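Enquirer: Attaching a single structure in structure tokens format; questions to follow.
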Amino acid sequence: MIKRRYTMKRGIIINVVLMVLILVFAIISMNSGKMNLSPLEVLNVLIGNGTDKQNLIVFDFRLPRIVLSILVGLGMGAAGVVMQSLLRNDMASPGTLGISSGSGLFVLFFVVFIASTGKSSFIALPLLAFVGGLLAAGLIFLLSYRRGRDISPIGLILTGVALGSGYGALTTFWTLKLDDSQMNFMLYWLAGSLWGDDWGYISILTPWVLILLGYIFYKARILNALHLGNQTAQGLGVSVNRQFLGLSIAAVALSSGSVAVGGSFFFVGLIAPHMARKLVGPDHKLLIPAASLAGGLVVVLADTITRTVSLVGDVPTGIVITVISVPYFLYLLAKAK
């Protein structure tokens, strides 16, 4: 069923290499920034021998941002793999399906009606983003459904693009009515700013991402079957509708939680699965962790660049991700032609 040009041993080695690279860039990121710390100083902080200033820099500013970068990348990468496999379309992602835009609309709702009243909580924002993403996904499937026919992947993509544009227009219109602080927040969120670098948000996002990642990895064999087509999957004994629904909800939850506290990083959900598929092949037992790690690596690398390289102004991480990812994506398109 799955070509074995990519061996299990090769896939495991690549996943280990990706983990090591994430660790390396995380260490570099902790040593980099406007207030430089040497590797020895960072080590002293981690073992409890740092000064108050060094502890503040590492534990309050840099480490939460690094952890958030990794979590957002893991979530978006895995969500992109699931969507591309379920729809059997390499252009599917939380962004192209309009799910990120739906989540963004509810993030704006949070900013206007909850955060402005001072009643915000760490759990409210991810939950609202999930509700927005779930409603967006449900509307897409509802509009694409035709009785007695399988849902067309191309139809889903086109419907998602159309609805995403509508959500984006509503978000922009509503954003124009915000005050200056709310406007700045939404502009940076839309650009991908990794704004939720607070241990409170991270404590909510961490189990959210890890549990859903575990569920998706547990369903790797099911995704292998579904990727071959619904009829083939049914012939292999897969309950297509039930598994499709469960995996879709998991992907929506992952992407919505990630963008809620990280910002609009939909491009990671599009490019990370492509990178992983080139490295480890189509077997989801290897592809899911590889895409997740590739997403984490891309976000950590981009965030390290924004804090290390002297750029004009405070450039959001999402913009850097787009700049470094677009050339590779164009290369993939050219090679596919």
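Within each chain, counting starts at residue 1; across the structure tokens, chains are named A, B, ... in the order shown, with ligands numbered 1 upward in that order.
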Could you build a table of the residues in range 108-198 of chain A lying no more than 7 Å from range 231-252 of chain A, giving for each the nearest pair of atoms and their separation in Å rounded to one decimal place, using only C-alpha atoms, ordered by chain and ascending residue number, as a Markdown table?
Expert:
| residue | atom | partner | partner_atom | distance |
| --- | --- | --- | --- | --- |
| A:Phe130 | CA | A:Val252 | CA | 7.0 |
| A:Gly133 | CA | A:Val252 | CA | 6.0 |
| A:Leu134 | CA | A:Val252 | CA | 6.2 |
Enquirer: Env of Leu228 in chain A: 10 Å cut, atoms = only C-alpha atoms, seq-sep filter 3 positions within chain, self excluded. Answer as a list in words.
Expert: Met1, Ile2, Ser85, Leu86, Arg88, Leu223, Asn224, Ala225, Gln231, Thr232 and Ala233 of chain A
Enquirer: Wanna dump the range 157-258 of chain A-range 284-294 of chain A contacts at 12 Å for me, each residue with its shortest atom pair and the distance in Å to one decimal, counting only C-alpha atoms, ordered by chain and number, as a Markdown table?
Expert:
| residue | atom | partner | partner_atom | distance |
| --- | --- | --- | --- | --- |
| A:Val209 | CA | A:Ser292 | CA | 10.6 |
| A:Leu210 | CA | A:Ser292 | CA | 10.9 |
| A:Leu212 | CA | A:Ile288 | CA | 11.8 |
| A:Leu213 | CA | A:Ile288 | CA | 8.5 |
| A:Gly214 | CA | A:Pro289 | CA | 10.0 |
| A:Tyr215 | CA | A:Ile288 | CA | 11.1 |
| A:Ile216 | CA | A:Ile288 | CA | 7.9 |
| A:Phe217 | CA | A:Ile288 | CA | 6.5 |
| A:Tyr218 | CA | A:Lys285 | CA | 8.6 |
| A:Lys219 | CA | A:His284 | CA | 8.7 |
| A:Ala220 | CA | A:His284 | CA | 5.0 |
| A:Arg221 | CA | A:His284 | CA | 7.0 |
| A:Ile222 | CA | A:His284 | CA | 9.0 |
| A:Leu223 | CA | A:His284 | CA | 6.8 |
| A:Asn224 | CA | A:His284 | CA | 6.2 |
| A:Ala225 | CA | A:His284 | CA | 9.9 |
| A:Leu226 | CA | A:His284 | CA | 10.9 |
| A:His227 | CA | A:His284 | CA | 9.7 |
| A:Ala251 | CA | A:Ile288 | CA | 11.9 |
| A:Leu254 | CA | A:Ser292 | CA | 11.2 |
| A:Ser255 | CA | A:Ser292 | CA | 11.8 |
Enquirer: Print the selection's residues with C-alpha atoms to a file, as an mmCIF file, in the first residue's frame.
Expert:
data_model
loop_
_atom_site.group_PDB
_atom_site.id
_atom_site.type_symbol
_atom_site.label_atom_id
_atom_site.label_comp_id
_atom_site.auth_asym_id
_atom_site.auth_seq_id
_atom_site.Cartn_x
_atom_site.Cartn_y
_atom_site.Cartn_z
ATOM 1 C CA VAL A 209 -1.470 20.086 22.015
ATOM 2 C CA LEU A 210 0.106 16.951 23.510
ATOM 3 C CA LEU A 212 -4.446 15.857 20.575
ATOM 4 C CA LEU A 213 -1.071 14.949 19.061
ATOM 5 C CA GLY A 214 -1.201 11.633 20.904
ATOM 6 C CA TYR A 215 -4.701 10.974 19.560
ATOM 7 C CA ILE A 216 -3.683 11.791 15.988
ATOM 8 C CA PHE A 217 -0.552 9.628 16.191
ATOM 9 C CA TYR A 218 -2.689 6.784 17.592
ATOM 10 C CA LYS A 219 -4.818 7.088 14.443
ATOM 11 C CA ALA A 220 -1.811 6.919 12.082
ATOM 12 C CA ARG A 221 -2.893 3.592 10.578
ATOM 13 C CA ILE A 222 -6.409 4.949 10.048
ATOM 14 C CA LEU A 223 -4.967 7.991 8.263
ATOM 15 C CA ASN A 224 -2.902 5.691 6.051
ATOM 16 C CA ALA A 225 -6.100 3.928 5.025
ATOM 17 C CA LEU A 226 -8.165 7.108 4.565
ATOM 18 C CA HIS A 227 -5.433 8.641 2.423
ATOM 19 C CA ALA A 251 -7.187 18.955 13.581
ATOM 20 C CA LEU A 254 -5.064 21.770 17.304
ATOM 21 C CA SER A 255 -4.967 24.600 14.790
#
Enquirer: Find the residues near Val107 in chain A: any atom within 7 Å, counting only C-alpha atoms, skip ones fewer than 4 places away on the same chain, and give them as an NGL selection string.
Expert: :A and (103 or 111 or 125 or 128-129 or 260)
Enquirer: Using only C-alpha atoms, find the one residue out of A:Ser193, A:Ser181, A:Ser258, A:Thr51 that sits nearest to Leu71 in chain A.
Expert: A:Ser258
Enquirer: Which residue, A:Gly95, A:Pro316, A:Gly33, A:Gly281, has the smallest gap to Ala162 in chain A when you use only C-alpha atoms?
Expert: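 Using only C-alpha atoms, Ala162 in chain A sits closest to A:Gly95.
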Enquirer: May I ask which of the residues A:Tyr167, A:Phe267, A:Tyr201, A:Phe25 is the closest one to Ile319 in chain A, counting only C-alpha atoms?
Expert: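 Of all the options, A:Phe267 lies closest to Ile319 in chain A.
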Enquirer: Once DSSP has gone over the backbone, tell me which residues of range 131-257 of chain A are in alpha helix (DSSP H), as a PyMOL selection string.
Expert: chain A and resi 131-144+153-175+180-191+199-218+220-227+230-235+240-257
Enquirer: I'd like the neighbourhood of Leu37 in chain A as a compact mmCIF listing (two decimals) with N, CA, C and O atoms, in the first residue's frame, where a residue qualifies if any of its atoms comes within 12 Å (using only C-alpha atoms), though same-chain residues fewer than 3 positions away should be ignored.
Expert:
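To be explicit, this is the file written out as result-v3.txt:
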# COMPACT_ATOMS: atom_id res chain seq x y z
N ILE A 27 18.42 26.48 22.25
CA ILE A 27 19.58 26.93 23.04
C ILE A 27 20.14 28.23 22.45
O ILE A 27 20.45 29.18 23.19
N ILE A 28 20.25 28.27 21.12
CA ILE A 28 20.72 29.49 20.46
C ILE A 28 19.79 30.66 20.77
O ILE A 28 20.22 31.78 21.05
N SER A 29 18.47 30.37 20.75
CA SER A 29 17.48 31.41 21.01
C SER A 29 17.58 31.94 22.43
O SER A 29 17.41 33.14 22.67
N MET A 30 17.89 31.05 23.39
CA MET A 30 18.05 31.50 24.78
C MET A 30 19.29 32.37 24.95
O MET A 30 19.36 33.20 25.85
N ASN A 31 20.29 32.17 24.08
CA ASN A 31 21.53 32.94 24.17
C ASN A 31 21.48 34.23 23.37
O ASN A 31 22.43 35.02 23.42
N SER A 32 20.39 34.43 22.60
CA SER A 32 20.34 35.53 21.65
C SER A 32 19.29 36.55 22.07
O SER A 32 18.33 36.24 22.76
N GLY A 33 19.49 37.77 21.60
CA GLY A 33 18.52 38.82 21.87
C GLY A 33 19.23 40.13 22.18
O GLY A 33 20.46 40.24 22.10
N LYS A 34 18.43 41.13 22.55
CA LYS A 34 19.01 42.44 22.86
C LYS A 34 19.90 42.38 24.09
O LYS A 34 20.84 43.15 24.23
N LEU A 40 27.26 29.63 29.06
CA LEU A 40 27.55 29.29 30.46
C LEU A 40 26.56 29.98 31.41
O LEU A 40 26.10 29.38 32.39
N GLU A 41 26.23 31.23 31.09
CA GLU A 41 25.26 31.95 31.93
C GLU A 41 23.88 31.31 31.84
O GLU A 41 23.17 31.19 32.86
N VAL A 42 23.48 30.89 30.65
CA VAL A 42 22.20 30.21 30.50
C VAL A 42 22.20 28.89 31.28
O VAL A 42 21.21 28.54 31.95
N LEU A 43 23.30 28.16 31.20
CA LEU A 43 23.40 26.90 31.95
C LEU A 43 23.29 27.14 33.45
O LEU A 43 22.60 26.39 34.16
N ASN A 44 23.94 28.19 33.94
CA ASN A 44 23.85 28.52 35.36
C ASN A 44 22.41 28.84 35.77
O ASN A 44 21.97 28.46 36.87
N VAL A 45 21.70 29.52 34.89
CA VAL A 45 20.30 29.84 35.17
C VAL A 45 19.48 28.56 35.26
O VAL A 45 18.67 28.37 36.19
N GLY A 50 21.77 31.21 38.56
CA GLY A 50 21.78 32.49 37.86
C GLY A 50 21.45 33.65 38.76
O GLY A 50 20.89 33.49 39.85
N THR A 51 21.79 34.86 38.32
CA THR A 51 21.43 36.07 39.05
C THR A 51 19.95 36.39 38.82
O THR A 51 19.30 35.79 37.95
N LYS A 53 18.65 39.02 37.50
CA LYS A 53 18.47 39.56 36.15
C LYS A 53 18.50 38.44 35.11
O LYS A 53 17.67 38.41 34.19
N GLN A 54 19.44 37.51 35.24
CA GLN A 54 19.53 36.41 34.30
C GLN A 54 18.30 35.51 34.38
O GLN A 54 17.79 35.05 33.35
N ASN A 55 17.82 35.25 35.59
CA ASN A 55 16.61 34.44 35.77
C ASN A 55 15.41 35.11 35.10
O ASN A 55 14.58 34.45 34.47
N LEU A 56 15.33 36.44 35.25
CA LEU A 56 14.23 37.18 34.64
C LEU A 56 14.27 37.07 33.12
O LEU A 56 13.25 36.82 32.47
N ILE A 57 15.46 37.23 32.55
CA ILE A 57 15.60 37.17 31.09
C ILE A 57 15.22 35.79 30.56
O ILE A 57 14.48 35.67 29.57
N VAL A 58 15.71 34.73 31.20
CA VAL A 58 15.49 33.38 30.69
C VAL A 58 14.08 32.90 30.98
O VAL A 58 13.34 32.48 30.08
N ARG A 62 12.45 34.69 27.62
CA ARG A 62 12.88 33.86 26.50
C ARG A 62 12.31 32.45 26.51
O ARG A 62 11.82 31.97 25.50
Enquirer: As an exercise, work out the distance from CA of Thr304 in chain A to CA of Val17 in chain A in Å and give it to one decimal place.
Expert: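 It comes out at 18.9 Å.
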Enquirer: When you count only C-alpha atoms, which of these residues is closest to Phe110 in chain A: A:Ile324, A:Val298, A:Val261, A:Val16?
Expert: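 The shortest atom-to-atom distance to Phe110 in chain A comes from A:Val261.
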Enquirer: I'd like the interatomic distance between CA of Thr96 in chain A and CA of Gly160 in chain A, to a tenth of an Å.
Expert: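 Separation between CA of Thr96 in chain A and CA of Gly160 in chain A: 6.2 Å.
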Enquirer: Name the residues in contact with Leu163 in chain A at a cut-off of 8 Å, using only C-alpha atoms, excluding same-chain residues fewer than 2 positions from it; report them as a list in words.
Expert: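 Once the nearby chain positions are removed, what remains is Gly98, Ala136, Ile140, Thr159, Gly160, Val161, Ser165, Gly166 and Tyr167 of chain A.
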Enquirer: Write the residues you've just listed into a file as a PDB file, in the first residue's frame, and include C-alpha atoms for each of them.
Expert:
ATOM      1  CA  GLY A  98     -10.780  29.138   6.297  1.00  0.00           C
ATOM      2  CA  ALA A 136     -16.061  27.468  10.326  1.00  0.00           C
ATOM      3  CA  ILE A 140     -17.559  24.445   5.072  1.00  0.00           C
ATOM      4  CA  THR A 159     -15.573  26.729  -0.207  1.00  0.00           C
ATOM      5  CA  GLY A 160     -12.962  27.244   2.503  1.00  0.00           C
ATOM      6  CA  VAL A 161     -11.188  29.944   0.509  1.00  0.00           C
ATOM      7  CA  SER A 165     -12.263  35.631   2.657  1.00  0.00           C
ATOM      8  CA  GLY A 166     -15.629  36.426   4.208  1.00  0.00           C
ATOM      9  CA  TYR A 167     -14.326  35.875   7.747  1.00  0.00           C
TER      10      TYR A 167
END
Enquirer: To one decimal place in Å, what is the distance between CA of Gln84 in chain A and CA of Met275 in chain A?
Expert: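 Atom-to-atom, CA of Gln84 in chain A to CA of Met275 in chain A, that is 13.1 Å.
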